[in-house]
>>> print(open('protein.tsv').read())   # TSV, C-alpha atoms and all ligand atoms
chain	number	residue	atom	x	y	z
A	1	MET	CA	-11.36	-111.81	53.98
A	2	ARG	CA	-9.91	-108.38	54.82
A	3	MET	CA	-11.12	-105.04	53.55
A	4	ARG	CA	-9.30	-101.77	53.24
A	5	LEU	CA	-11.52	-98.72	53.34
A	6	SER	CA	-11.01	-96.09	50.65
A	7	ALA	CA	-9.16	-92.83	51.38
A	8	GLU	CA	-12.51	-91.07	51.05
A	9	GLU	CA	-14.19	-93.35	53.61
A	10	LEU	CA	-11.31	-92.92	56.06
A	11	GLU	CA	-11.31	-89.16	55.58
A	12	SER	CA	-15.07	-88.74	55.97
A	13	GLY	CA	-15.41	-91.44	58.65
A	14	ARG	CA	-18.44	-92.85	56.78
A	15	LEU	CA	-18.81	-96.03	54.75
A	16	SER	CA	-19.94	-95.85	51.15
A	17	PRO	CA	-23.33	-97.56	50.60
A	18	GLU	CA	-21.52	-100.38	48.74
A	19	THR	CA	-19.04	-101.04	51.57
A	20	LEU	CA	-21.83	-100.91	54.13
A	21	GLU	CA	-23.87	-103.49	52.26
A	22	LEU	CA	-20.88	-105.74	51.62
A	23	ALA	CA	-19.81	-105.62	55.28
A	24	VAL	CA	-23.31	-106.46	56.50
A	25	GLN	CA	-23.56	-109.39	54.09
A	26	LEU	CA	-20.08	-110.65	55.03
A	27	ILE	CA	-20.97	-110.69	58.72
A	28	LYS	CA	-24.18	-112.57	57.95
A	29	VAL	CA	-22.59	-115.18	55.73
A	30	ASN	CA	-18.99	-115.42	56.99
A	31	GLY	CA	-19.49	-114.37	60.61
A	32	TYR	CA	-17.16	-111.36	60.59
A	33	VAL	CA	-15.72	-108.44	58.68
A	34	LEU	CA	-12.26	-106.94	59.13
A	35	PHE	CA	-11.43	-103.36	58.14
A	36	GLU	CA	-7.67	-103.00	58.14
A	37	GLU	CA	-5.85	-100.11	59.78
A	38	VAL	CA	-8.62	-97.61	60.40
A	39	LEU	CA	-7.72	-95.73	63.58
A	40	PRO	CA	-4.70	-93.43	63.18
A	41	ARG	CA	-1.42	-94.84	64.56
A	42	ALA	CA	-1.04	-91.96	67.04
A	43	LYS	CA	-4.49	-92.68	68.50
A	44	VAL	CA	-3.74	-96.42	68.77
A	45	GLU	CA	-0.44	-95.72	70.54
A	46	GLU	CA	-2.21	-93.43	72.99
A	47	LEU	CA	-4.78	-96.17	73.66
A	48	PHE	CA	-2.04	-98.79	74.04
A	49	ASN	CA	0.04	-96.70	76.45
A	50	SER	CA	-3.00	-95.72	78.53
A	51	TYR	CA	-4.12	-99.33	78.64
A	52	VAL	CA	-0.73	-100.70	79.67
A	53	SER	CA	-0.54	-98.11	82.44
A	54	ILE	CA	-3.73	-99.69	83.82
A	55	LEU	CA	-3.00	-103.34	83.02
A	56	ASP	CA	0.53	-103.61	84.43
A	57	PRO	CA	-0.20	-102.40	87.97
A	58	TYR	CA	-3.51	-104.30	87.97
A	59	PHE	CA	-1.76	-107.50	86.98
A	60	GLU	CA	0.90	-107.07	89.66
A	61	GLN	CA	-1.83	-106.63	92.28
A	62	HIS	CA	-3.93	-109.59	91.11
A	63	ARG	CA	-1.26	-111.90	89.67
A	64	GLU	CA	-2.17	-114.80	91.99
A	65	GLU	CA	-5.87	-114.76	91.14
A	66	ILE	CA	-5.33	-114.28	87.40
A	67	LEU	CA	-2.68	-116.99	87.10
A	68	ASN	CA	-4.44	-119.33	89.52
A	69	PRO	CA	-4.41	-122.78	87.90
A	70	GLY	CA	-8.04	-123.13	89.07
A	71	ASN	CA	-8.92	-120.29	86.71
A	72	GLY	CA	-9.52	-122.98	84.07
A	73	PHE	CA	-10.36	-121.05	80.95
A	74	ASN	CA	-7.24	-118.89	81.01
A	75	ASP	CA	-5.00	-121.40	82.78
A	76	GLY	CA	-1.58	-121.41	81.12
A	77	THR	CA	-2.68	-119.07	78.34
A	78	ASN	CA	-1.60	-115.81	79.99
A	79	HIS	CA	-4.80	-114.31	78.62
A	80	VAL	CA	-6.53	-111.71	80.70
A	81	ARG	CA	-9.92	-110.08	80.23
A	82	LEU	CA	-9.99	-106.64	81.82
A	83	TYR	CA	-13.11	-104.48	82.08
A	84	LEU	CA	-12.21	-100.89	81.25
A	85	PRO	CA	-13.06	-97.85	83.36
A	86	PHE	CA	-15.28	-95.47	81.38
A	87	ILE	CA	-12.58	-92.80	81.01
A	88	LYS	CA	-10.67	-91.18	78.15
A	89	PRO	CA	-9.10	-92.17	75.82
A	90	PHE	CA	-11.06	-95.47	75.97
A	91	CYS	CA	-14.51	-93.87	75.96
A	92	GLU	CA	-13.84	-91.53	73.05
A	93	GLU	CA	-16.39	-91.53	70.23
A	94	ALA	CA	-13.87	-93.05	67.76
A	95	VAL	CA	-13.92	-96.18	69.93
A	96	ILE	CA	-17.42	-96.48	71.36
A	97	ALA	CA	-19.58	-94.93	68.61
A	98	ASN	CA	-17.43	-94.92	65.50
A	99	PRO	CA	-19.85	-94.38	62.56
A	100	LEU	CA	-17.83	-96.90	60.52
A	101	VAL	CA	-19.02	-99.44	63.08
A	102	THR	CA	-22.40	-98.11	64.20
A	103	GLU	CA	-23.80	-97.96	60.66
A	104	ILE	CA	-23.18	-101.70	60.36
A	105	VAL	CA	-24.37	-102.44	63.89
A	106	ASP	CA	-27.60	-100.49	63.31
A	107	GLN	CA	-28.31	-102.36	60.09
A	108	ILE	CA	-27.86	-105.76	61.69
A	109	LEU	CA	-29.18	-105.22	65.22
A	110	GLY	CA	-31.63	-102.37	64.60
A	111	GLU	CA	-31.28	-98.73	65.66
A	112	ALA	CA	-32.62	-99.41	69.15
A	113	CYS	CA	-29.53	-101.51	69.93
A	114	TYR	CA	-27.25	-100.94	72.93
A	115	MET	CA	-23.57	-101.07	73.76
A	116	THR	CA	-23.45	-103.58	76.61
A	117	TYR	CA	-19.79	-104.46	77.19
A	118	PHE	CA	-16.63	-102.38	77.55
A	119	ALA	CA	-13.49	-104.47	78.07
A	120	THR	CA	-10.24	-105.79	76.66
A	121	ASN	CA	-8.70	-109.20	75.92
A	122	THR	CA	-4.94	-109.36	76.16
A	123	SER	CA	-2.60	-112.17	75.25
A	124	MET	CA	0.27	-111.42	77.63
A	125	PRO	CA	3.80	-112.64	76.95
A	126	GLY	CA	4.74	-116.03	78.34
A	127	GLY	CA	1.56	-118.00	77.61
A	128	LYS	CA	2.03	-121.71	76.95
A	129	LYS	CA	-1.42	-122.89	75.89
A	130	LYS	CA	-4.19	-122.00	73.49
A	131	GLN	CA	-7.65	-121.33	74.90
A	132	PRO	CA	-10.35	-123.93	74.24
A	133	VAL	CA	-12.29	-123.14	71.05
A	134	HIS	CA	-15.47	-121.35	72.08
A	135	ALA	CA	-18.29	-119.02	71.10
A	136	ASP	CA	-18.76	-115.86	73.18
A	137	THR	CA	-22.41	-116.59	73.80
A	138	SER	CA	-24.71	-119.17	75.23
A	139	SER	CA	-27.85	-120.57	73.70
A	140	ARG	CA	-31.09	-118.67	74.13
A	141	TYR	CA	-33.40	-121.68	74.33
A	142	GLY	CA	-31.03	-124.48	75.32
A	143	ASP	CA	-31.59	-127.74	73.50
A	144	ARG	CA	-35.26	-126.91	72.81
A	145	TYR	CA	-34.68	-124.90	69.62
A	146	ASP	CA	-33.18	-126.49	66.56
A	147	ALA	CA	-32.95	-123.57	64.16
A	148	ASN	CA	-30.47	-120.73	63.80
A	149	LEU	CA	-31.51	-117.42	65.42
A	150	PRO	CA	-30.90	-113.89	64.12
A	151	ILE	CA	-27.71	-112.15	65.25
A	152	ALA	CA	-28.24	-110.77	68.76
A	153	ASN	CA	-24.74	-109.54	69.63
A	154	LEU	CA	-21.82	-108.14	67.65
A	155	VAL	CA	-18.35	-108.09	69.20
A	156	VAL	CA	-16.12	-105.28	68.00
A	157	ASN	CA	-12.35	-105.67	68.49
A	158	TYR	CA	-9.73	-102.96	68.08
A	159	PRO	CA	-6.19	-104.45	68.18
A	160	LEU	CA	-3.81	-101.99	69.86
A	161	VAL	CA	-0.65	-103.50	68.31
A	162	ASP	CA	0.09	-105.17	64.97
A	163	VAL	CA	-1.13	-108.75	65.40
A	164	THR	CA	1.34	-111.21	63.88
A	165	GLU	CA	1.96	-114.98	63.86
A	166	ASN	CA	4.24	-114.42	66.84
A	167	ASN	CA	2.24	-112.39	69.36
A	168	GLY	CA	-0.89	-114.45	69.98
A	169	PRO	CA	-3.34	-113.87	67.14
A	170	MET	CA	-6.92	-114.88	67.79
A	171	GLU	CA	-7.84	-117.96	65.73
A	172	VAL	CA	-11.26	-117.93	64.09
A	173	TRP	CA	-13.47	-120.61	62.51
A	174	PRO	CA	-15.29	-118.55	59.87
A	175	GLY	CA	-17.91	-119.39	57.33
A	176	GLY	CA	-20.56	-121.22	59.31
A	177	THR	CA	-19.90	-121.65	63.01
A	178	HIS	CA	-22.33	-118.77	63.73
A	179	LEU	CA	-25.06	-120.38	61.64
A	180	HIS	CA	-25.77	-123.43	63.76
A	181	PRO	CA	-29.10	-124.10	65.46
A	182	ASP	CA	-29.46	-122.25	68.76
A	183	SER	CA	-29.01	-125.52	70.70
A	184	TRP	CA	-25.39	-125.73	69.47
A	185	TYR	CA	-24.43	-122.86	71.79
A	186	ALA	CA	-25.92	-124.65	74.84
A	187	PRO	CA	-23.66	-126.36	77.40
A	188	GLY	CA	-24.68	-129.86	76.26
A	189	ALA	CA	-23.71	-129.24	72.61
A	190	PHE	CA	-21.10	-131.48	70.99
A	191	SER	CA	-17.53	-130.44	71.88
A	192	LYS	CA	-16.42	-127.44	69.84
A	193	PRO	CA	-12.68	-128.11	70.52
A	194	LYS	CA	-13.11	-131.69	69.24
A	195	LEU	CA	-14.81	-130.68	66.01
A	196	ALA	CA	-12.66	-127.58	65.53
A	197	GLU	CA	-9.44	-129.59	65.19
A	198	HIS	CA	-10.82	-130.98	61.92
A	199	MET	CA	-12.21	-127.73	60.55
A	200	HIS	CA	-10.84	-124.84	58.54
A	201	HIS	CA	-9.63	-121.95	60.69
A	202	ILE	CA	-7.58	-118.81	60.24
A	203	LYS	CA	-5.28	-116.62	62.30
A	204	MET	CA	-6.68	-113.14	62.62
A	205	LEU	CA	-3.54	-111.23	61.65
A	206	MET	CA	-4.25	-107.51	61.52
A	207	PRO	CA	-2.46	-104.19	61.76
A	208	ALA	CA	-2.94	-102.04	64.88
A	209	GLY	CA	-6.05	-99.88	64.63
A	210	SER	CA	-7.99	-102.37	62.49
A	211	ILE	CA	-11.64	-103.00	63.27
A	212	LEU	CA	-12.94	-106.55	63.54
A	213	ILE	CA	-16.73	-106.91	63.79
A	214	ARG	CA	-17.97	-110.43	64.50
A	215	ASP	CA	-21.12	-112.33	65.35
A	216	ASP	CA	-20.50	-113.47	68.94
A	217	ARG	CA	-21.34	-117.05	67.97
A	218	VAL	CA	-18.34	-117.45	65.65
A	219	TRP	CA	-16.01	-120.06	67.16
A	220	HIS	CA	-12.57	-118.75	68.07
A	221	ARG	CA	-9.77	-119.03	70.63
A	222	GLY	CA	-6.90	-116.98	72.03
A	223	THR	CA	-3.36	-118.22	71.40
A	224	PRO	CA	-0.11	-117.71	73.33
A	225	ASN	CA	1.98	-114.61	72.81
A	226	HIS	CA	5.63	-115.45	72.03
A	227	SER	CA	6.74	-111.79	71.87
A	228	ASP	CA	7.79	-109.64	74.82
A	229	LYS	CA	4.97	-107.08	74.45
A	230	HIS	CA	1.27	-107.29	75.37
A	231	ARG	CA	-1.19	-107.99	72.54
A	232	PRO	CA	-4.42	-106.25	73.60
A	233	ASN	CA	-7.74	-106.12	71.78
A	234	ILE	CA	-10.33	-103.66	72.97
A	235	ALA	CA	-13.57	-105.67	73.05
A	236	LEU	CA	-16.98	-103.99	72.86
A	237	ILE	CA	-20.32	-105.70	72.48
A	238	TYR	CA	-23.37	-104.21	70.80
A	239	SER	CA	-26.65	-106.01	71.51
A	240	ALA	CA	-30.10	-105.95	69.92
A	241	ASN	CA	-32.86	-104.32	71.92
A	242	ALA	CA	-34.01	-106.81	74.56
A	243	PRO	CA	-34.38	-106.63	78.34
A	244	HIS	CA	-30.94	-105.55	79.53
A	245	LYS	CA	-29.58	-104.52	82.92
A	246	GLY	CA	-26.69	-102.06	82.49
A	247	THR	CA	-23.32	-102.68	84.14
A	248	ILE	CA	-21.04	-99.95	82.73
A	249	GLN	CA	-20.60	-97.12	85.26
A	250	ILE	CA	-20.62	-93.72	83.53
A	251	PRO	CA	-20.17	-90.42	85.39
A	252	GLN	CA	-22.97	-87.94	84.58
A	253	GLU	CA	-20.58	-85.30	83.16
A	254	THR	CA	-18.98	-87.88	80.88
A	255	TYR	CA	-22.39	-89.03	79.65
A	256	ASP	CA	-23.53	-85.45	79.05
A	257	GLU	CA	-20.52	-84.83	76.78
A	258	LEU	CA	-21.20	-87.84	74.56
A	259	SER	CA	-22.83	-87.58	71.12
A	260	THR	CA	-26.54	-88.29	70.84
A	261	LYS	CA	-25.68	-91.62	69.21
A	262	ALA	CA	-23.32	-92.70	72.02
A	263	GLN	CA	-25.88	-91.63	74.63
A	264	LYS	CA	-28.53	-93.73	72.90
A	265	LEU	CA	-26.23	-96.76	72.78
A	266	LEU	CA	-25.47	-96.43	76.50
A	267	ARG	CA	-28.91	-95.38	77.75
A	268	LYS	CA	-29.42	-98.49	79.91
A	269	GLU	CA	-26.01	-98.35	81.62
A	270	LEU	CA	-25.28	-97.06	85.13
A	271	ILE	CA	-25.32	-93.33	84.38
A	272	GLY	CA	-24.38	-91.03	87.23
A	273	TYR	CA	-21.97	-93.51	88.84
A	274	PRO	CA	-18.21	-92.94	89.17
A	275	ALA	CA	-16.09	-94.70	86.52
A	276	ALA	CA	-15.44	-98.20	87.87
A	277	GLU	CA	-11.94	-99.41	88.71
A	278	PRO	CA	-10.49	-101.89	86.18
A	279	LYS	CA	-11.55	-105.47	86.97
A	280	HIS	CA	-10.77	-108.87	85.50
A	301	LIG	O1	-8.38	-111.57	71.97
A	301	LIG	C1	-8.28	-112.79	71.80
A	301	LIG	O2	-7.25	-113.34	71.46
A	301	LIG	C2	-9.51	-113.65	72.03
A	301	LIG	C3	-9.65	-113.99	73.48
A	301	LIG	C4	-10.90	-114.72	73.77
A	301	LIG	O3	-11.55	-115.25	72.91
A	301	LIG	C5	-11.41	-114.81	75.15
A	301	LIG	O4	-10.67	-114.51	76.10
A	301	LIG	O5	-12.59	-115.19	75.29
>>> encode(input="protein.tsv", output="structure tokens")
Amino acid sequence: MRMRLSAEELESGRLSPETLELAVQLIKVNGYVLFEEVLPRAKVEELFNSYVSILDPYFEQHREEILNPGNGFNDGTNHVRLYLPFIKPFCEEAVIANPLVTEIVDQILGEACYMTYFATNTSMPGGKKKQPVHADTSSRYGDRYDANLPIANLVVNYPLVDVTENNGPMEVWPGGTHLHPDSWYAPGAFSKPKLAEHMHHIKMLMPAGSILIRDDRVWHRGTPNHSDKHRPNIALIYSANAPHKGTIQIPQETYDELSTKAQKLLRKELIGYPAAEPKH
């Protein structure tokens, strides 16, 4: 279920052909692959501290809206989704265009793919409830298409702390929940939470700096954090080439400094705009 990359792969920042093939096959058949402890600790701490310095004041300012009981999905969970501003250290190549990730993404989604989402999910201390079990996608053709479709989106998570039993690990239903007919991801599909209670699931325990790459259809849910420290996951989405209207604001100078690969991934985003303020 978990993979540790070899010292050589970590050193070179490239996957061996065998690891690449295994990872691609695991995502196809099991819905995800987890590489343990890839980013250096010092980098993860820098990301964590920079993130908390954004999250804490943001949360104070928007506490009412975020904790509003009408905010159904996250009600009582103390989970917050925060879109990140396109600034360092978040927009560094090791995060947005890490070759250990992009080689896999390119194989599955094709080299013309995009990065379409730049955010975080945080289980904040004090949550009381689990999220409903869900997929991160909707159906493409509603209830009119009764076969499984190829993978269109890969979510990439970087946990910024060690994720343990105690601090709100994501729970995942692996093995087949991404392989249903397209209609199963439509609003009228049979209740995922109802079925999920009777199905095998796992807690995604992982050391800080791991990389989790998952088909966005895999069922999962956030759980409450019983520790006194935030449990953030950076969450990026890579999407196959299809009509796409960019939303990520990237200053021109920042874009110009990116690698050719990162520029290609972000070519449809809002280039030449100031980095956006964080937003939930
Ligand atoms: O990071 C997590 O625990 C998952 C959160 C989640 O699935 C969501 O907010 O949609």
>>> atom_distance(input="protein.tsv", atom1="CA of Val105 (chain A)", atom2="CA of Gly142 (chain A)")
25.7 Å
>>> axis_aligned_box(input="protein.tsv", around="region 111-130 of chain A", padding_each_side="4 Å", output="AutoDock Vina command-line options")
--center_x -13.9 --center_y -110.8 --center_z 72.0 --size_x 45.4 --size_y 32.2 --size_z 20.7
>>> closest_residue(input="protein.tsv", among="A:Leu15, A:Gly188, A:Met124, A:Leu160", to="Ser50 (chain A)", atoms="all atoms listed in the file")
A:Leu160
>>> residues_near_ligand(input="protein.tsv", ligand="ligand LIG 301 (chain A)", cutoff="7 Å", atoms="all atoms listed in the file", output="VMD selection string")
chain A and resid 79 to 81 121 to 123 136 168 to 170 220 to 223 232 to 233
>>> residues_around(input="protein.tsv", residues="region 247-263 of chain A", least_positions_apart="5", cutoff="7 Å", atoms="only C-alpha atoms", output="mmCIF file with C-alpha atoms, keeping the file's coordinate frame")
data_model
loop_
_atom_site.group_PDB
_atom_site.id
_atom_site.type_symbol
_atom_site.label_atom_id
_atom_site.label_comp_id
_atom_site.auth_asym_id
_atom_site.auth_seq_id
_atom_site.Cartn_x
_atom_site.Cartn_y
_atom_site.Cartn_z
ATOM 1 C CA PHE A 86 -15.280 -95.470 81.380
ATOM 2 C CA ALA A 97 -19.580 -94.930 68.610
ATOM 3 C CA GLU A 269 -26.010 -98.350 81.620
ATOM 4 C CA LEU A 270 -25.280 -97.060 85.130
ATOM 5 C CA ILE A 271 -25.320 -93.330 84.380
ATOM 6 C CA GLY A 272 -24.380 -91.030 87.230
ATOM 7 C CA TYR A 273 -21.970 -93.510 88.840
ATOM 8 C CA PRO A 274 -18.210 -92.940 89.170
ATOM 9 C CA ALA A 275 -16.090 -94.700 86.520
ATOM 10 C CA ALA A 276 -15.440 -98.200 87.870
#
>>> closest_residue(input="protein.tsv", among="A:Pro207, A:Pro132, A:Pro89, A:Gly175", to="Met3 (chain A)", atoms="only C-alpha atoms")
A:Pro207
>>> atom_distance(input="protein.tsv", atom1="CA of Leu265 (chain A)", atom2="CA of Leu20 (chain A)")
19.6 Å
>>> closest_residue(input="protein.tsv", among="A:Met204, A:Ala235, A:Leu266, A:Ala152", to="Phe35 (chain A)", atoms="all atoms listed in the file")
A:Met204
>>> residues_around(input="protein.tsv", residues="Thr164 (chain A)", least_positions_apart="6", cutoff="12 Å", atoms="all atoms listed in the file", output="list in words")
Met170, Glu171, Lys203, Met204, Leu205, Met206, Pro207, Ala208, Thr223, Pro224, Asn225, His226, Ser227, Lys229 and Arg231 of chain A
>>> closest_residue(input="protein.tsv", among="A:Gly13, A:Pro85, A:Pro159, A:Pro150", to="Tyr117 (chain A)", atoms="only C-alpha atoms")
A:Pro85
>>> atom_distance(input="protein.tsv", atom1="CA of Pro40 (chain A)", atom2="CA of Ser16 (chain A)")
19.6 Å
>>> closest_residue(input="protein.tsv", among="A:Tyr145, A:Ala119, A:Ala189, A:Arg63", to="Cys91 (chain A)", atoms="only C-alpha atoms")
A:Ala119
